[in-house]
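Colleague: Starting off with a structure, shown below.
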Amino acid sequence: MIDIAALPEGFPTHLHLDEFWQELGRTIATYGFLEETLGKAIFAFTAVTEYQDDEVSTALEKWQGQLEKALTDPLGAKIQAYESAVKAYGRCGLSGFETLILDLRKASHLRNALCHASWRPPDQNGASRARFFDRKFYEFETAVDVSFLNHTRRHVVELAMAVVSSVTSNGWQFPGSNGPGEPIWRSCGG
């Protein structure tokens, strides 16, 4: 039997500095913000997509399911739904949309490693290897330190703001904000 009382304080995270865990937590929380932002963008693009008269009933029947998935799907599925919603709308006021989608997919892969890894003891520089394999058995091999996490967090913020810009560049107010642009809910009759 393991003597749990004899384990080091903070086990199994006791070998890393508090700053590492704080930055990891902030980075993961920023990914949560990105997921919420994508959900709102999915709402925005699906709310303003125009349909032929004979398509409206079918689109409305599907919309509730789309919105529910925008709330509950994992990040990778939200990225796919966002891309599909923008393409169904037919235009995106943001240049470099395809690059944004690629960057979001790369960020999603990194998020999975950061969220689901088992962390090895840090090296002399404070960098830790995250023990993580994806479904294709790709092993995440990057040494992660506070600087890496800070850079990742800032990049995820940039991605979230690009998603916001994909909505606002069309002249709409981003859902849930009081920013500039036409409110979407009012534009679809609400």
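FYI, nothing fancy with the structure tokens labels: chains A, B, ... in order, residues from 1 per chain, ligands from 1 as they appear.
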As a PyMOL selection string, list the residues of stretch 16-166 of chain A assigned to strand (DSSP E) by DSSP on the backbone atoms of this structure.
Modeller: chain A and resi 118-119+128-131+143-144
Colleague: Please identify all polymer residues within 7 Å of stretch 83-95 of chain A, counting only C-alpha atoms, omitting same-chain residues fewer than 3 positions from it, and present them as a list in words.
Modeller: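 Near neighbours after the sequence-gap exclusion: Ile42, Phe45, Thr46, Thr49, Ile79, Gln80, Ser165, Ser166, Ser169 and Asn170 of chain A.
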Colleague: Those same residues - N, CA, C and O atoms - I'd like them written as a compact mmCIF listing (two decimals), in the first residue's frame.
Modeller:
# COMPACT_ATOMS: atom_id res chain seq x y z
N ILE A 42 -19.59 31.02 -34.41
CA ILE A 42 -20.47 30.07 -35.10
C ILE A 42 -21.89 30.59 -35.06
O ILE A 42 -22.60 30.59 -36.08
N PHE A 45 -22.14 33.63 -37.62
CA PHE A 45 -22.19 33.29 -39.04
C PHE A 45 -23.43 32.48 -39.40
O PHE A 45 -23.98 32.65 -40.49
N THR A 46 -23.88 31.61 -38.51
CA THR A 46 -25.09 30.84 -38.83
C THR A 46 -26.33 31.71 -38.73
O THR A 46 -27.32 31.45 -39.43
N THR A 49 -26.48 33.88 -42.17
CA THR A 49 -26.49 33.19 -43.46
C THR A 49 -27.89 33.28 -44.06
O THR A 49 -28.88 33.01 -43.38
N ILE A 79 -13.64 24.25 -34.32
CA ILE A 79 -12.89 24.85 -35.44
C ILE A 79 -13.52 24.43 -36.76
O ILE A 79 -13.73 25.26 -37.66
N GLN A 80 -13.85 23.16 -36.89
CA GLN A 80 -14.49 22.65 -38.11
C GLN A 80 -15.84 23.32 -38.32
O GLN A 80 -16.18 23.72 -39.43
N SER A 165 -12.46 39.27 -35.18
CA SER A 165 -12.35 40.14 -36.36
C SER A 165 -13.04 39.55 -37.58
O SER A 165 -13.53 40.30 -38.43
N SER A 166 -13.10 38.23 -37.67
CA SER A 166 -13.80 37.63 -38.81
C SER A 166 -15.28 37.97 -38.78
O SER A 166 -15.92 38.04 -39.83
N SER A 169 -15.41 42.31 -39.00
CA SER A 169 -15.02 42.85 -40.30
C SER A 169 -16.17 42.82 -41.31
O SER A 169 -16.10 43.46 -42.35
N ASN A 170 -17.22 42.10 -40.97
CA ASN A 170 -18.43 42.08 -41.80
C ASN A 170 -19.43 43.15 -41.37
O ASN A 170 -20.54 43.22 -41.89
Colleague: Rounded to one decimal in Å, what is the spacing between atom CA of A:Leu75 and atom CA of A:Leu110?
Modeller: 11.1 Å
Colleague: Nearest to A:Val167: which of A:Val56, A:Arg154, A:Ile184, A:Trp63 is it, counting only C-alpha atoms?
Modeller: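 When distances to A:Val167 are compared using only C-alpha atoms, the smallest one comes from A:Ile184.
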Colleague: Please, what distance in Å, to one decimal, runs between atom CA of A:Ala117 and atom CA of A:Leu7?
Modeller: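 The value is 20.9 Å.
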Colleague: Taking the chain letters and numbering used in this document, name the residues of stretch 13-185 of chain A that DSSP puts in alpha helix (DSSP H), as a PyMOL selection string.
Modeller: chain A and resi 18-48+56-72+75-89+97-116+146-168+184-185
Colleague: Quick one: residues within 9 Å of A:Ala130, only C-alpha atoms, excluding same-chain residues fewer than 5 positions away - as JSON, numbers by chain?
Modeller: {"A": [113, 114, 116, 117, 118, 119, 120, 140, 141, 142, 143, 144]}
Colleague: Only N, CA, C and O atoms, please: the residues just picked out, written as a compact mmCIF listing (two decimals), in the first residue's frame.
Modeller:
# COMPACT_ATOMS: atom_id res chain seq x y z
N ALA A 113 -2.22 18.55 -25.88
CA ALA A 113 -1.01 18.14 -25.17
C ALA A 113 -0.90 18.85 -23.82
O ALA A 113 -0.62 18.21 -22.80
N LEU A 114 -1.13 20.14 -23.80
CA LEU A 114 -1.00 20.90 -22.55
C LEU A 114 -2.04 20.48 -21.51
O LEU A 114 -1.76 20.40 -20.32
N HIS A 116 -3.79 17.50 -21.36
CA HIS A 116 -3.92 16.08 -21.05
C HIS A 116 -2.59 15.39 -20.75
O HIS A 116 -2.58 14.17 -20.55
N ALA A 117 -1.52 16.12 -20.72
CA ALA A 117 -0.21 15.51 -20.52
C ALA A 117 0.04 15.14 -19.06
O ALA A 117 -0.54 15.70 -18.14
N SER A 118 0.96 14.23 -18.91
CA SER A 118 1.57 13.95 -17.62
C SER A 118 2.94 14.62 -17.67
O SER A 118 3.72 14.40 -18.59
N TRP A 119 3.20 15.47 -16.69
CA TRP A 119 4.39 16.31 -16.74
C TRP A 119 5.57 15.66 -16.05
O TRP A 119 5.48 15.22 -14.91
N ARG A 120 6.70 15.60 -16.75
CA ARG A 120 7.95 15.06 -16.22
C ARG A 120 8.63 16.12 -15.36
O ARG A 120 8.36 17.31 -15.48
N PHE A 140 4.14 14.19 -28.25
CA PHE A 140 4.51 15.59 -28.06
C PHE A 140 5.88 15.60 -27.40
O PHE A 140 6.04 15.07 -26.30
N GLU A 141 6.87 16.20 -28.04
CA GLU A 141 8.24 16.10 -27.55
C GLU A 141 8.84 17.45 -27.16
O GLU A 141 10.02 17.50 -26.83
N THR A 142 8.10 18.50 -27.20
CA THR A 142 8.63 19.83 -26.92
C THR A 142 8.84 20.03 -25.43
O THR A 142 7.98 19.69 -24.62
N ALA A 143 10.00 20.58 -25.07
CA ALA A 143 10.25 20.97 -23.68
C ALA A 143 9.47 22.26 -23.42
O ALA A 143 9.56 23.22 -24.18
N VAL A 144 8.70 22.27 -22.36
CA VAL A 144 7.81 23.39 -22.05
C VAL A 144 8.31 24.08 -20.80
O VAL A 144 8.53 23.44 -19.76
Colleague: Within 12 Å of stretch 172-180 of chain A, counting only C-alpha atoms, which residues qualify if same-chain residues fewer than 6 places away don't, as a compact mmCIF listing (two decimals) with N, CA and C atoms, in the first residue's frame?
Modeller:
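Contents of out04.txt, as written:
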# COMPACT_ATOMS: atom_id res chain seq x y z
N GLU A 36 -14.97 29.54 -26.33
CA GLU A 36 -16.17 30.37 -26.21
C GLU A 36 -16.29 31.33 -27.40
N THR A 37 -15.18 31.92 -27.78
CA THR A 37 -15.16 32.85 -28.91
C THR A 37 -15.58 32.15 -30.20
N LEU A 38 -15.08 30.95 -30.42
CA LEU A 38 -15.49 30.20 -31.61
C LEU A 38 -16.98 29.90 -31.58
N GLY A 39 -17.51 29.53 -30.42
CA GLY A 39 -18.94 29.27 -30.30
C GLY A 39 -19.78 30.49 -30.66
N LYS A 40 -19.35 31.65 -30.21
CA LYS A 40 -20.08 32.88 -30.54
C LYS A 40 -19.95 33.22 -32.02
N ALA A 41 -18.78 32.96 -32.59
CA ALA A 41 -18.61 33.21 -34.03
C ALA A 41 -19.47 32.26 -34.85
N ILE A 42 -19.59 31.02 -34.41
CA ILE A 42 -20.47 30.07 -35.10
C ILE A 42 -21.89 30.59 -35.06
N PHE A 43 -22.33 31.06 -33.89
CA PHE A 43 -23.67 31.67 -33.80
C PHE A 43 -23.79 32.82 -34.80
N ALA A 44 -22.79 33.70 -34.81
CA ALA A 44 -22.86 34.88 -35.67
C ALA A 44 -23.01 34.49 -37.14
N PHE A 45 -22.14 33.63 -37.62
CA PHE A 45 -22.19 33.29 -39.04
C PHE A 45 -23.43 32.48 -39.40
N ALA A 47 -26.31 32.74 -37.90
CA ALA A 47 -27.46 33.63 -37.76
C ALA A 47 -27.66 34.53 -38.97
N VAL A 48 -26.59 34.88 -39.65
CA VAL A 48 -26.70 35.84 -40.76
C VAL A 48 -26.67 35.18 -42.14
N CYS A 92 -15.91 36.00 -45.92
CA CYS A 92 -15.32 36.37 -44.64
C CYS A 92 -14.56 37.66 -44.89
N GLY A 93 -14.84 38.68 -44.12
CA GLY A 93 -14.17 39.96 -44.31
C GLY A 93 -12.72 39.96 -43.87
N ALA A 160 -7.90 34.12 -31.03
CA ALA A 160 -9.26 34.48 -30.62
C ALA A 160 -9.66 35.84 -31.18
N MET A 161 -8.74 36.78 -31.17
CA MET A 161 -9.05 38.11 -31.70
C MET A 161 -9.23 38.08 -33.22
N ALA A 162 -8.53 37.18 -33.90
CA ALA A 162 -8.74 37.02 -35.34
C ALA A 162 -10.14 36.45 -35.61
N VAL A 163 -10.60 35.53 -34.76
CA VAL A 163 -11.95 35.00 -34.89
C VAL A 163 -12.97 36.12 -34.68
N VAL A 164 -12.76 36.94 -33.65
CA VAL A 164 -13.64 38.09 -33.41
C VAL A 164 -13.63 39.00 -34.64
N SER A 165 -12.46 39.27 -35.18
CA SER A 165 -12.35 40.14 -36.36
C SER A 165 -13.04 39.55 -37.58
N SER A 166 -13.10 38.23 -37.67
CA SER A 166 -13.80 37.63 -38.81
C SER A 166 -15.28 37.97 -38.78
N ARG A 186 -30.60 41.44 -33.50
CA ARG A 186 -31.58 42.35 -34.07
C ARG A 186 -31.65 42.18 -35.59
N SER A 187 -30.50 41.89 -36.25
CA SER A 187 -30.48 41.76 -37.71
C SER A 187 -31.22 40.52 -38.19
N CYS A 188 -31.46 39.56 -37.29
CA CYS A 188 -32.20 38.37 -37.74
C CYS A 188 -33.59 38.35 -37.13
Colleague: Could you check how far atom CA of A:Leu159 sits from atom CA of A:Glu139, in Å to one decimal?
Modeller: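 So the answer is 24.3 Å.
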Colleague: For A:Trp21, please output as a list in words all residues within 12 Å (counting only C-alpha atoms; exclusion window: fewer than 2 positions along the same chain).
Modeller: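 Counting only the stated atoms, we get Gly10, Pro12, Thr13, His14, Leu15, His16, Leu17, Asp18, Glu19, Glu23, Leu24, Gly25, Arg26, Thr27, Ile28, Leu114, Cys115, Trp119, Pro122, Gly126, Ala127, Ser128, Val144, Asp145, Val146, Leu149 and Asn150 of chain A.
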Colleague: Taking only C-alpha atoms into account, which of A:Arg135, A:Arg129, A:Arg111, A:Lys78 comes nearest A:Arg153?
Modeller: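 Closest to A:Arg153 of all the choices is A:Arg111.
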